[in-house]
Amino acid sequence: MMNGLTSGRWLALICVLALAATDALAQPRRSASPREAQQAVAPHAEAVRERVGVILDALEETGDFRAARQAVDRLFDQVLAYAPATDADAFREAGFARRLVTQLDEADTIDRRAVLGYLRANPRLAHAITFAIKPDNQVPQVYQVLDTLRERRGEHLETYAELAAAISVVHDRDLTVRINENTVYPPEPLELFDYYAGHERQMFFGIRNVPVELLIYIVDIGASVEEMQWALREHAGHRQVGRLFFTIEYDHEHFRRGVPKRVTEEGFNLPNIRAFGGVCADQAHYAVTVGKAIGVPAVYTRGNSSQVSHAWVGFLQQQGQAGRWDFNHGRYAAYQGVRGVTRDPQTRQWVDDSYVSLLAELIGTNEARRYAAVAMTDAVIRLHAIARAEGRHDLPDPLVMPEADGDDDAPAAPTPRSADMPSQLALLEAGLRQSHGHLPGWLMLAYLAESGEMTLAQKREWAEVVMRLCGQDYPDFAVVVLRPMVRTIEDLDDQNAVWERMFQMFRRRHDLAAEIRMEQGQMWETAGDFVKAGRCYEDVIQRYANAGPFVLDAVERTEAMLHEAGLEDRVLRLYDETWAMIDRPRDIYLEFQRQSNWYRLGMMYVEKLQQAGEVRETDRVLATIQQQVGS
């Protein structure tokens with residue numbers, strides 16, 4: 001399952017974007033040289049821009065959104081049908097017009113014609129806001145926020161287009177957040193705009209050069225402007241905001257005895273957290289909020305291990321001219337290998353932290369290429385809906401090329417693109433080549449694979465693409481995207497071959513290697529091949545006992561298979577030998593030592609010994625555990 005954007009959510013997105021289905025469209029062939037591609041692109045892009053201008057002129061004059069939507073939908077289908085995948089400009093401008101008109105049609109609480117005129121006069125802002133909106137956004141409220149900014153700071157929004165767009169798509173609904181017993185609130189959108197625009201020179205990554213996809217992890221701040229200004233005075237320019245987690249004293253008395261936290265009694269804010277300390281949630285909130293206040297994209301990340309949930313920090317770290325997300329600060333040894341999740345501030349969905357990691361790819365990228373990736377992913381979603389639609393419909397007419405007007409030697413009508421899976425994948429690849437960091441494009445790939453419509457050859461090919469483009473820099477994300485794809489390979493030997501390829505690719509990341517081995521084991525176990533499943537689980541136990549929580553699952557599954565095979569006498573030996581392989585916890589806090597694999601498996605071993613009536617061995621193991629972590 002895809003965290004955050006499930007298959008059902010993608011189907012909903014497809015239904016939204018697919019209006020009246022056109023007929024199957026054919027795929028253009030023969031790759032063009034760069035020079036040929038440039039010559040081919042210009043006529044389509046020019047024709048699209050000309051047509052968009054006519055449609056928007058008419059809309060401004062008449063306010064007839066129904067007619068405008070029909071026109072931009074048809075234009076989008078014309079581009080989808082006839083423009084080559086190399087024509088990114090044509091897809092981007094057609095996609096922009098379609099999104100703009102559709103969104104404004106829904107935004108019926110504002111003066112839409114006035115906003116349309118303003119956006120046409122401010123094209124950077126227009127493109128930033130239209131391409132930033134996701135299916136989970138409340139479109140009328142997004143434009144209501146933008147309109148408020150327009151009324152109060154209209155002369156500045158084009159300069160800070162990405163900032164205005166980020167604020168609008170994040171603050172389209174309530175953003176209050178609970179940090180255990182405390183609640184934090186964001187400033188008003190206008191206050192946020194003034195703060196970040198006014199302090200741009202003090203922001204670590206700047207503001208104008210940061211994409212919307214990263215700015216949303218700054219403007220979702222849960223603190224007052226006064227707290228933000230305090231954080232800026234205290235921490236401006238801090239290069240490692242994750243380290244601030246450990247500058248906050250841990251409140252052991254609250255954790256162990258349940259007494260009220262001093263920071264809650266004194267008032268929950270950044271200065272008081274620093275003065276009085278707190279638990280991991282408060283430590284993470286401090287580091288994350290300071291990061292946002294000084295212009296560093298940061299996220300509050302959580303993971304679950306045993307009975308206790310833990311919070312740590314993710315932040316964008318400067319790495320030369322680029323950036324890299326760091327999710328290690330505040331992540332105790334007991335949580336290494338535990339997959340973290342964080343809340344997408346725009347969709348409010350809890351998503352895998354690897355999704356956020358991929359966004360580092362967007363640092364320093366070209367706006368036009370990012371927007372082209374969005375538009376081409378929209379086109380793939382539309383094409384997929386066309387392929388699934390029942391019945392047949394008329395194809396749109398080809399685009400009228402400017403140079404063909406009045407030309408008796410005009411070329412014959414082009415062959416339309418097919419809506420089959422090769423066409424969808426080719427267009428998707430073209431979009432991802434525009435911007436490798438376009439998350440929805442990769443999630444669309446995962447959806448296509450999960451739908452069962454891709455062939456084995458296509459899955460193998462795309463598995464190699466994912467590993468080549470994402471495997472080295474974003475291995476966690478690569479595994480998350482590949483998992484649903486590989487699971488749908490029906491032939492077990494073929495599926496196992498891809499798992500093995502992934503295992504070799506990620507063997508130096510012990511947590512990912514263990515995760516892949518567990519996938520193989522579950523595949524063979526489901527198929528009833530307990531010998532091969534057992535080998536996979538044994539490999540995890542022997543090689544990755546300290547790589548994460550996978551060893552616990554591997555032991556339990558191995559135990560179940562021993563019972564199935566009538567080999568119950570080997571269960572205690574399994575627990576004894578595995579426990580001996582696991583490192584004792586070294587975390588300074590006893591609270592987190594109890595979340596370690598060593599403690600958890602040790603207590604599981606105690607339970608098995610008690611069930612077997614092994615009193616002396618039970619006492620020995622319990623005494624060893626209590627000596628390490630207390631009673």
# chains A, B, ... in the order shown; residues from 1 in each chain; ligands from 1

$ residues_around --residues "stretch 270-277 of chain A" --least-positions-apart "5" --cutoff "12 Å" --atoms "only C-alpha atoms" --output "PyMOL selection string"
chain A and resi 182+184+222-235+244-254+260-265+282-291+293

$ residues_around --residues "A:Ala360" --least-positions-apart "6" --cutoff "12 Å" --atoms "only C-alpha atoms" --output "PyMOL selection string"
chain A and resi 210-211+213-215+217+297-298+315-319+321-326+354+435-439+470+473-474

$ select_by_dssp --residues "stretch 303-430 of chain A" --states "alpha helix (DSSP H)" --output "ChimeraX atom specification"
/A:353-358,367-388,421-430

$ write_last_selection --atoms "N, CA, C and O atoms" --output "compact mmCIF listing (two decimals), in the first residue's frame"
# COMPACT_ATOMS: atom_id res chain seq x y z
N ASP A 353 8.46 8.97 5.45
CA ASP A 353 9.44 10.07 5.41
C ASP A 353 10.33 10.01 4.18
O ASP A 353 10.96 11.01 3.81
N SER A 354 10.37 8.86 3.50
CA SER A 354 11.15 8.78 2.27
C SER A 354 10.54 9.65 1.17
O SER A 354 11.25 10.10 0.27
N TYR A 355 9.24 9.89 1.22
CA TYR A 355 8.61 10.80 0.26
C TYR A 355 9.21 12.19 0.39
O TYR A 355 9.43 12.89 -0.60
N VAL A 356 9.43 12.60 1.64
CA VAL A 356 10.00 13.92 1.88
C VAL A 356 11.46 13.96 1.43
O VAL A 356 11.92 14.96 0.88
N SER A 357 12.18 12.87 1.67
CA SER A 357 13.59 12.83 1.27
C SER A 357 13.77 13.15 -0.20
O SER A 357 14.70 13.86 -0.60
N LEU A 358 12.87 12.62 -1.04
CA LEU A 358 12.98 12.81 -2.49
C LEU A 358 12.93 14.29 -2.87
O LEU A 358 13.50 14.70 -3.89
N GLU A 367 11.91 26.07 -12.70
CA GLU A 367 10.45 26.10 -12.51
C GLU A 367 9.72 25.46 -13.68
O GLU A 367 8.78 24.68 -13.49
N ALA A 368 10.12 25.83 -14.89
CA ALA A 368 9.41 25.33 -16.08
C ALA A 368 9.45 23.81 -16.14
O ALA A 368 8.45 23.16 -16.50
N ARG A 369 10.57 23.21 -15.78
CA ARG A 369 10.67 21.76 -15.82
C ARG A 369 9.83 21.11 -14.72
O ARG A 369 9.20 20.07 -14.95
N ARG A 370 9.79 21.72 -13.55
CA ARG A 370 8.93 21.18 -12.48
C ARG A 370 7.47 21.22 -12.89
O ARG A 370 6.72 20.26 -12.67
N TYR A 371 7.06 22.33 -13.48
CA TYR A 371 5.66 22.46 -13.88
C TYR A 371 5.33 21.51 -15.04
O TYR A 371 4.22 20.96 -15.10
N ALA A 372 6.29 21.30 -15.93
CA ALA A 372 6.07 20.35 -17.03
C ALA A 372 5.85 18.95 -16.47
O ALA A 372 5.01 18.19 -16.97
N ALA A 373 6.60 18.58 -15.43
CA ALA A 373 6.43 17.26 -14.82
C ALA A 373 5.03 17.10 -14.24
O ALA A 373 4.41 16.04 -14.36
N VAL A 374 4.51 18.17 -13.63
CA VAL A 374 3.15 18.12 -13.08
C VAL A 374 2.14 17.93 -14.21
O VAL A 374 1.25 17.07 -14.14
N ALA A 375 2.27 18.74 -15.27
CA ALA A 375 1.32 18.67 -16.38
C ALA A 375 1.37 17.33 -17.08
O ALA A 375 0.33 16.78 -17.48
N MET A 376 2.55 16.76 -17.23
CA MET A 376 2.67 15.49 -17.93
C MET A 376 2.16 14.34 -17.07
O MET A 376 1.63 13.36 -17.59
N THR A 377 2.27 14.46 -15.76
CA THR A 377 1.65 13.47 -14.88
C THR A 377 0.13 13.58 -14.96
O THR A 377 -0.58 12.56 -14.99
N ASP A 378 -0.39 14.81 -15.00
CA ASP A 378 -1.83 14.99 -15.24
C ASP A 378 -2.24 14.30 -16.53
O ASP A 378 -3.31 13.67 -16.61
N ALA A 379 -1.40 14.43 -17.56
CA ALA A 379 -1.72 13.84 -18.86
C ALA A 379 -1.74 12.32 -18.77
O ALA A 379 -2.59 11.66 -19.40
N VAL A 380 -0.84 11.73 -17.99
CA VAL A 380 -0.83 10.27 -17.83
C VAL A 380 -2.09 9.81 -17.11
O VAL A 380 -2.71 8.80 -17.49
N ILE A 381 -2.49 10.55 -16.09
CA ILE A 381 -3.72 10.21 -15.37
C ILE A 381 -4.92 10.27 -16.31
O ILE A 381 -5.80 9.40 -16.32
N ARG A 382 -4.95 11.30 -17.14
CA ARG A 382 -6.03 11.44 -18.13
C ARG A 382 -5.99 10.29 -19.14
O ARG A 382 -7.01 9.69 -19.47
N LEU A 383 -4.81 9.97 -19.61
CA LEU A 383 -4.66 8.90 -20.59
C LEU A 383 -5.08 7.55 -20.00
O LEU A 383 -5.72 6.74 -20.67
N HIS A 384 -4.74 7.33 -18.74
CA HIS A 384 -5.14 6.09 -18.07
C HIS A 384 -6.66 6.00 -17.96
O HIS A 384 -7.26 4.93 -18.14
N ALA A 385 -7.30 7.12 -17.65
CA ALA A 385 -8.76 7.13 -17.56
C ALA A 385 -9.39 6.86 -18.92
O ALA A 385 -10.41 6.17 -19.02
N ILE A 386 -8.80 7.41 -19.98
CA ILE A 386 -9.30 7.17 -21.33
C ILE A 386 -9.21 5.68 -21.65
O ILE A 386 -10.14 5.09 -22.21
N ALA A 387 -8.10 5.07 -21.30
CA ALA A 387 -7.91 3.65 -21.59
C ALA A 387 -8.93 2.79 -20.87
O ALA A 387 -9.34 1.74 -21.37
N ARG A 388 -9.37 3.23 -19.70
CA ARG A 388 -10.32 2.44 -18.91
C ARG A 388 -11.78 2.74 -19.26
O ARG A 388 -12.67 2.01 -18.83
N MET A 421 -0.82 0.99 -22.35
CA MET A 421 0.15 1.13 -21.27
C MET A 421 1.51 1.61 -21.75
O MET A 421 2.14 2.45 -21.07
N PRO A 422 2.05 1.13 -22.89
CA PRO A 422 3.33 1.68 -23.34
C PRO A 422 3.29 3.20 -23.53
O PRO A 422 4.26 3.90 -23.21
N SER A 423 2.16 3.71 -24.04
CA SER A 423 2.04 5.16 -24.23
C SER A 423 2.00 5.89 -22.89
O SER A 423 2.61 6.95 -22.72
N GLN A 424 1.27 5.32 -21.95
CA GLN A 424 1.21 5.93 -20.62
C GLN A 424 2.59 5.97 -19.97
O GLN A 424 3.00 6.99 -19.41
N LEU A 425 3.32 4.87 -20.06
CA LEU A 425 4.64 4.80 -19.43
C LEU A 425 5.65 5.71 -20.13
O LEU A 425 6.51 6.31 -19.48
N ALA A 426 5.54 5.80 -21.46
CA ALA A 426 6.45 6.68 -22.19
C ALA A 426 6.24 8.13 -21.81
O ALA A 426 7.20 8.90 -21.62
N LEU A 427 4.97 8.53 -21.66
CA LEU A 427 4.68 9.91 -21.27
C LEU A 427 5.08 10.15 -19.82
O LEU A 427 5.59 11.23 -19.47
N LEU A 428 4.87 9.16 -18.97
CA LEU A 428 5.28 9.29 -17.58
C LEU A 428 6.79 9.44 -17.46
O LEU A 428 7.30 10.28 -16.70
N GLU A 429 7.52 8.65 -18.22
CA GLU A 429 8.98 8.76 -18.19
C GLU A 429 9.43 10.13 -18.67
O GLU A 429 10.34 10.74 -18.09
N ALA A 430 8.77 10.66 -19.71
CA ALA A 430 9.13 11.99 -20.22
C ALA A 430 8.92 13.04 -19.13
O ALA A 430 9.73 13.97 -18.96

$ select_by_dssp --residues "stretch 200-355 of chain A" --states "strand (DSSP E)" --output "NGL selection string"
:A and (298-305 or 308-319 or 322-326 or 341-343 or 350-352)

$ residues_around --residues "stretch 519-523 of chain A" --least-positions-apart "3" --cutoff "8 Å" --atoms "only C-alpha atoms" --output "VMD selection string"
chain A and resid 492 496 499 515 to 516 526 to 527 532 to 537

$ residues_around --residues "A:His127" --least-positions-apart "4" --cutoff "12 Å" --atoms "only C-alpha atoms" --output "ChimeraX atom specification"
/A:92-100,119-123,131-133,158,161-162,164-165,212,367-372,374-375
